[in-house]
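J.: Provided herewith: structure-v7.tsv, TSV, C-alpha atoms.
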chain	number	residue	atom	x	y	z
B	1	MET	CA	-21.52	10.59	-6.29
B	2	ASN	CA	-22.11	7.66	-8.63
B	3	GLN	CA	-21.30	9.49	-11.84
B	4	ASN	CA	-18.96	8.41	-14.57
B	5	LEU	CA	-16.28	11.02	-14.07
B	6	ASP	CA	-14.32	9.64	-17.03
B	7	THR	CA	-17.06	11.03	-19.28
B	8	LEU	CA	-16.99	14.41	-17.51
B	9	ARG	CA	-13.21	14.51	-17.89
B	10	THR	CA	-13.61	15.09	-21.62
B	11	GLU	CA	-17.06	16.64	-21.63
B	12	ILE	CA	-16.31	19.57	-19.29
B	13	PRO	CA	-13.32	21.10	-21.15
B	14	ALA	CA	-15.28	20.94	-24.43
B	15	TYR	CA	-18.27	22.61	-22.74
B	16	LEU	CA	-16.05	25.32	-21.26
B	17	GLU	CA	-14.43	26.16	-24.59
B	18	LYS	CA	-17.77	26.07	-26.42
B	19	ASN	CA	-19.20	28.56	-23.91
B	20	GLY	CA	-16.36	31.07	-24.15
B	21	PHE	CA	-14.37	30.19	-21.04
B	22	VAL	CA	-10.61	29.95	-21.03
B	23	VAL	CA	-9.65	26.59	-19.53
B	24	TYR	CA	-6.77	26.69	-17.09
B	25	TYR	CA	-5.58	23.16	-16.36
B	26	GLY	CA	-4.40	23.36	-12.79
B	27	GLU	CA	-4.86	22.09	-9.30
B	28	VAL	CA	-7.28	23.83	-6.99
B	29	ARG	CA	-5.80	24.65	-3.58
B	30	ARG	CA	-8.01	24.71	-0.53
B	31	LEU	CA	-8.23	28.27	0.70
B	32	SER	CA	-9.92	29.63	3.78
B	33	HIS	CA	-12.01	32.00	1.67
B	34	ALA	CA	-13.08	29.31	-0.84
B	35	ILE	CA	-16.77	28.61	-1.24
B	36	GLY	CA	-17.85	25.13	-2.29
B	37	TRP	CA	-20.74	24.40	-4.62
B	38	ASP	CA	-23.39	22.03	-3.20
B	39	THR	CA	-22.74	19.07	-5.52
B	40	ARG	CA	-24.88	16.75	-3.40
B	41	HIS	CA	-28.03	18.65	-4.32
B	42	LYS	CA	-26.83	20.32	-7.52
B	43	PRO	CA	-24.32	17.94	-9.19
B	44	ASN	CA	-24.76	19.48	-12.66
B	45	TYR	CA	-21.61	21.36	-13.63
B	46	GLN	CA	-23.58	23.43	-16.19
B	47	ASP	CA	-25.52	25.11	-13.35
B	48	TYR	CA	-22.24	25.98	-11.65
B	49	LEU	CA	-20.83	27.40	-14.89
B	50	LYS	CA	-23.96	29.53	-15.43
B	51	VAL	CA	-23.10	31.22	-12.14
B	52	ALA	CA	-19.48	31.64	-13.24
B	53	SER	CA	-20.67	33.26	-16.46
B	54	ALA	CA	-23.12	35.54	-14.63
B	55	CYS	CA	-20.23	36.66	-12.38
B	56	GLY	CA	-18.19	37.53	-15.46
B	57	ALA	CA	-15.63	34.78	-15.02
B	58	LYS	CA	-13.51	34.24	-18.11
B	59	VAL	CA	-10.99	31.72	-16.74
B	60	VAL	CA	-12.05	28.47	-15.11
B	61	VAL	CA	-9.56	26.15	-13.45
B	62	PHE	CA	-10.12	22.51	-14.44
B	63	TYR	CA	-8.58	19.63	-12.49
B	64	CYS	CA	-9.16	15.91	-12.58
B	65	ASP	CA	-7.35	13.02	-10.97
B	66	GLU	CA	-7.01	9.38	-11.92
B	67	PHE	CA	-7.04	6.64	-9.32
B	68	ASP	CA	-3.70	4.87	-9.13
B	69	GLY	CA	-3.61	1.20	-8.10
B	70	SER	CA	-0.35	1.83	-6.26
B	71	GLN	CA	-2.43	3.74	-3.70
B	72	VAL	CA	-4.16	0.45	-2.91
B	73	ASP	CA	-0.81	-1.34	-2.65
B	74	GLU	CA	0.44	1.26	-0.17
B	75	ALA	CA	-2.77	1.00	1.85
B	76	ILE	CA	-2.47	-2.80	1.99
B	77	GLU	CA	1.16	-2.51	3.15
B	78	ASP	CA	0.12	-0.10	5.90
B	79	LEU	CA	-2.85	-2.32	6.77
B	80	GLU	CA	-0.35	-5.08	7.66
B	81	MET	CA	1.14	-2.80	10.34
B	82	ALA	CA	-2.11	-1.26	11.58
B	83	ASP	CA	-3.53	-2.09	14.98
B	84	LEU	CA	-7.00	-3.24	13.85
B	85	SER	CA	-9.27	-6.09	14.85
B	86	GLU	CA	-9.14	-9.23	12.69
B	87	GLU	CA	-12.59	-8.47	11.36
B	88	ASP	CA	-11.65	-4.90	10.36
B	89	TYR	CA	-8.42	-6.20	8.83
B	90	ARG	CA	-10.26	-8.79	6.70
B	91	THR	CA	-12.97	-6.34	5.68
B	92	HIS	CA	-10.50	-3.62	4.66
B	93	SER	CA	-8.18	-6.07	2.93
B	94	ARG	CA	-11.04	-7.53	0.86
B	95	ARG	CA	-12.45	-4.14	-0.06
B	96	LEU	CA	-9.05	-2.68	-0.97
B	97	ARG	CA	-8.45	-5.61	-3.36
B	98	GLU	CA	-11.84	-4.86	-4.94
B	99	LEU	CA	-11.03	-1.15	-5.24
B	100	ARG	CA	-7.89	-1.97	-7.21
B	101	GLU	CA	-10.26	-2.58	-10.16
B	102	TYR	CA	-10.66	1.21	-10.44
B	103	ASP	CA	-7.00	1.71	-11.40
B	104	GLY	CA	-6.93	4.34	-14.16
B	105	PHE	CA	-10.49	5.59	-13.57
B	106	THR	CA	-11.14	9.27	-12.93
B	107	CYS	CA	-11.88	9.70	-9.22
B	108	VAL	CA	-12.00	13.51	-8.83
B	109	VAL	CA	-13.15	16.41	-11.00
B	110	GLU	CA	-12.86	20.02	-9.84
B	111	LEU	CA	-13.68	23.40	-11.31
B	112	ALA	CA	-12.93	26.79	-9.81
B	113	PHE	CA	-13.28	30.46	-10.63
B	114	SER	CA	-12.52	33.63	-8.70
B	115	HIS	CA	-14.84	36.55	-8.14
B	116	ASP	CA	-14.51	39.50	-5.74
B	117	GLY	CA	-11.65	37.94	-3.81
B	118	SER	CA	-13.29	34.55	-3.27
B	119	THR	CA	-12.73	31.25	-5.01
B	120	TYR	CA	-15.82	29.28	-5.98
B	121	LEU	CA	-15.26	25.51	-6.12
B	122	PHE	CA	-17.10	22.69	-7.83
B	123	HIS	CA	-15.86	19.31	-6.60
B	124	LEU	CA	-17.07	15.83	-7.58
B	125	HIS	CA	-15.61	12.53	-6.49
B	126	THR	CA	-16.86	8.99	-6.88
B	127	ASP	CA	-18.41	7.02	-4.04
B	128	TRP	CA	-15.74	4.33	-4.38
B	129	PHE	CA	-12.97	6.93	-4.02
B	130	ALA	CA	-14.64	8.35	-0.90
B	131	GLU	CA	-14.76	4.80	0.47
B	132	PHE	CA	-11.06	4.35	-0.33
B	133	LEU	CA	-10.22	7.59	1.50
B	134	ASN	CA	-12.26	6.48	4.53
B	135	ILE	CA	-10.49	3.12	4.66
B	136	ARG	CA	-7.13	4.84	4.20
B	137	SER	CA	-7.97	7.20	7.07
B	138	GLU	CA	-8.93	4.31	9.37
B	139	ILE	CA	-5.66	2.57	8.54
B	140	ASP	CA	-3.64	5.72	9.15
B	141	ASP	CA	-5.38	6.23	12.50
B	142	ALA	CA	-4.59	2.63	13.51
B	143	LEU	CA	-0.91	2.66	12.58
B	144	THR	CA	1.37	2.15	15.56
B	145	ASP	CA	4.79	3.70	15.79
B	146	ASP	CA	7.16	0.88	16.82
B	147	GLY	CA	10.44	2.39	17.85
B	148	GLY	CA	8.99	5.85	18.17
B	149	GLU	CA	10.70	6.26	21.53
B	150	GLU	CA	14.13	6.18	19.94
B	151	GLU	CA	13.10	8.71	17.31
B	152	ASP	CA	11.64	10.97	19.98
B	153	MET	CA	14.97	10.91	21.81
B	154	GLU	CA	16.94	12.18	18.82
B	155	GLY	CA	18.53	15.50	19.55
B	156	TYR	CA	17.91	15.05	23.26
B	157	PHE	CA	20.49	16.91	25.36
B	158	SER	CA	21.02	16.04	28.98
B	159	ARG	CA	22.28	18.70	31.34
B	160	ASN	CA	23.45	16.09	33.90
Show me this structure written as structure tokens.
T.:
Amino acid sequence: MNQNLDTLRTEIPAYLEKNGFVVYYGEVRRLSHAIGWDTRHKPNYQDYLKVASACGAKVVVFYCDEFDGSQVDEAIEDLEMADLSEEDYRTHSRRLRELREYDGFTCVVELAFSHDGSTYLFHLHTDWFAEFLNIRSEIDDALTDDGGEEEDMEGYFSRN
């Protein structure tokens, strides 16, 4: 999603209040009975909120997150220890340094309301944040556990 979420960060709470919703500033938890809005085909939060209104929702949870450059620093540190090819290392290292430019930008916006025992979610994130998460996941998958054998032996009791 190539939207400016920084704009939505201020626009959405104003829209909610203007349209009679109570804004609850909180974090949305992933629940097994949660139903996600199709933001790929319907990225307009006003359409989502029309549904919330039609369902009689009065309270809407609003959450947004800012990208923190320290996340990039941590990823680069872990990249040093990851078992990746030189090409993947260089590519990820270069891209992570570029992603540091987004420090302080809004990377996630979420809305949620409950109706008849289900939670209805609206979730937007930027393309660059999705790319960061993918790189972070590749790094995490490639991390090796040096000395893991010793840790695995902790608490070991021999009956011999």
J.: Take CA of Trp37 (chain B) and CA of Ile12 (chain B) and report the distance between them in Å, one decimal.
T.: 16.1 Å
J.: Name the closest residue to Val22 (chain B) among the candidates B:Glu110, B:Asn134, B:Leu84, B:Ser53; distances are taken between atoms, counting only C-alpha atoms.
T.: B:Ser53
J.: Report as a PyMOL selection string all protein, DNA and RNA residues lying within 12 Å of Glu138 (chain B), evaluated on all atoms listed in the file, omitting residues in the same chain fewer than 5 positions from it.
T.: chain B and resi 75+78-79+82-85+88-89+91-92+131-133+143
J.: Tell me which of B:Thr7, B:Asn19, B:Thr39, B:Ser137 sits closest to His123 (chain B), counting all atoms listed in the file.
T.: B:Thr39
J.: Applying 12 Å and only C-alpha atoms, which residues near Phe62 (chain B) remain after dropping the ones on its own chain fewer than 2 positions away? List them as a PDB file with C-alpha atoms, in the coordinates of the input.
T.:
ATOM      1  CA  LEU B   8     -16.990  14.410 -17.510  1.00  0.00           C
ATOM      2  CA  ARG B   9     -13.210  14.510 -17.890  1.00  0.00           C
ATOM      3  CA  THR B  10     -13.610  15.090 -21.620  1.00  0.00           C
ATOM      4  CA  GLU B  11     -17.060  16.640 -21.630  1.00  0.00           C
ATOM      5  CA  ILE B  12     -16.310  19.570 -19.290  1.00  0.00           C
ATOM      6  CA  PRO B  13     -13.320  21.100 -21.150  1.00  0.00           C
ATOM      7  CA  ALA B  14     -15.280  20.940 -24.430  1.00  0.00           C
ATOM      8  CA  TYR B  15     -18.270  22.610 -22.740  1.00  0.00           C
ATOM      9  CA  LEU B  16     -16.050  25.320 -21.260  1.00  0.00           C
ATOM     10  CA  GLU B  17     -14.430  26.160 -24.590  1.00  0.00           C
ATOM     11  CA  PHE B  21     -14.370  30.190 -21.040  1.00  0.00           C
ATOM     12  CA  VAL B  22     -10.610  29.950 -21.030  1.00  0.00           C
ATOM     13  CA  VAL B  23      -9.650  26.590 -19.530  1.00  0.00           C
ATOM     14  CA  TYR B  24      -6.770  26.690 -17.090  1.00  0.00           C
ATOM     15  CA  TYR B  25      -5.580  23.160 -16.360  1.00  0.00           C
ATOM     16  CA  GLY B  26      -4.400  23.360 -12.790  1.00  0.00           C
ATOM     17  CA  GLU B  27      -4.860  22.090  -9.300  1.00  0.00           C
ATOM     18  CA  VAL B  28      -7.280  23.830  -6.990  1.00  0.00           C
ATOM     19  CA  ARG B  29      -5.800  24.650  -3.580  1.00  0.00           C
ATOM     20  CA  TYR B  45     -21.610  21.360 -13.630  1.00  0.00           C
ATOM     21  CA  LEU B  49     -20.830  27.400 -14.890  1.00  0.00           C
ATOM     22  CA  VAL B  59     -10.990  31.720 -16.740  1.00  0.00           C
ATOM     23  CA  VAL B  60     -12.050  28.470 -15.110  1.00  0.00           C
ATOM     24  CA  CYS B  64      -9.160  15.910 -12.580  1.00  0.00           C
ATOM     25  CA  ASP B  65      -7.350  13.020 -10.970  1.00  0.00           C
ATOM     26  CA  VAL B 108     -12.000  13.510  -8.830  1.00  0.00           C
ATOM     27  CA  VAL B 109     -13.150  16.410 -11.000  1.00  0.00           C
ATOM     28  CA  GLU B 110     -12.860  20.020  -9.840  1.00  0.00           C
ATOM     29  CA  LEU B 111     -13.680  23.400 -11.310  1.00  0.00           C
ATOM     30  CA  ALA B 112     -12.930  26.790  -9.810  1.00  0.00           C
ATOM     31  CA  PHE B 113     -13.280  30.460 -10.630  1.00  0.00           C
ATOM     32  CA  LEU B 121     -15.260  25.510  -6.120  1.00  0.00           C
ATOM     33  CA  PHE B 122     -17.100  22.690  -7.830  1.00  0.00           C
ATOM     34  CA  HIS B 123     -15.860  19.310  -6.600  1.00  0.00           C
ATOM     35  CA  LEU B 124     -17.070  15.830  -7.580  1.00  0.00           C
TER      36      LEU B 124
END
J.: What does the structure give for the distance between CA of Arg136 (chain B) and CA of Glu98 (chain B), in Å to one decimal?
T.: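 Separating CA of Arg136 (chain B) from CA of Glu98 (chain B) is a distance of 14.1 Å.
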J.: One decimal, in Å: what's the spacing between CA of Tyr63 (chain B) and CA of His41 (chain B)?
T.: 21.1 Å
J.: Using all atoms listed in the file, list the residues that have an atom at most 10 Å from (-14.7, 5.0, -20.9), coordinates as in the file, as a list in words.
T.: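 Residues satisfying the cut-off, written out: Asn4, Leu5, Asp6, Thr7, Phe105 and Thr106 of chain B.
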J.: Those residues with C-alpha atoms, as a tab-separated table (two decimals), in the coordinates of the input please?
T.:
chain	number	residue	atom	x	y	z
B	4	ASN	CA	-18.96	8.41	-14.57
B	5	LEU	CA	-16.28	11.02	-14.07
B	6	ASP	CA	-14.32	9.64	-17.03
B	7	THR	CA	-17.06	11.03	-19.28
B	105	PHE	CA	-10.49	5.59	-13.57
B	106	THR	CA	-11.14	9.27	-12.93
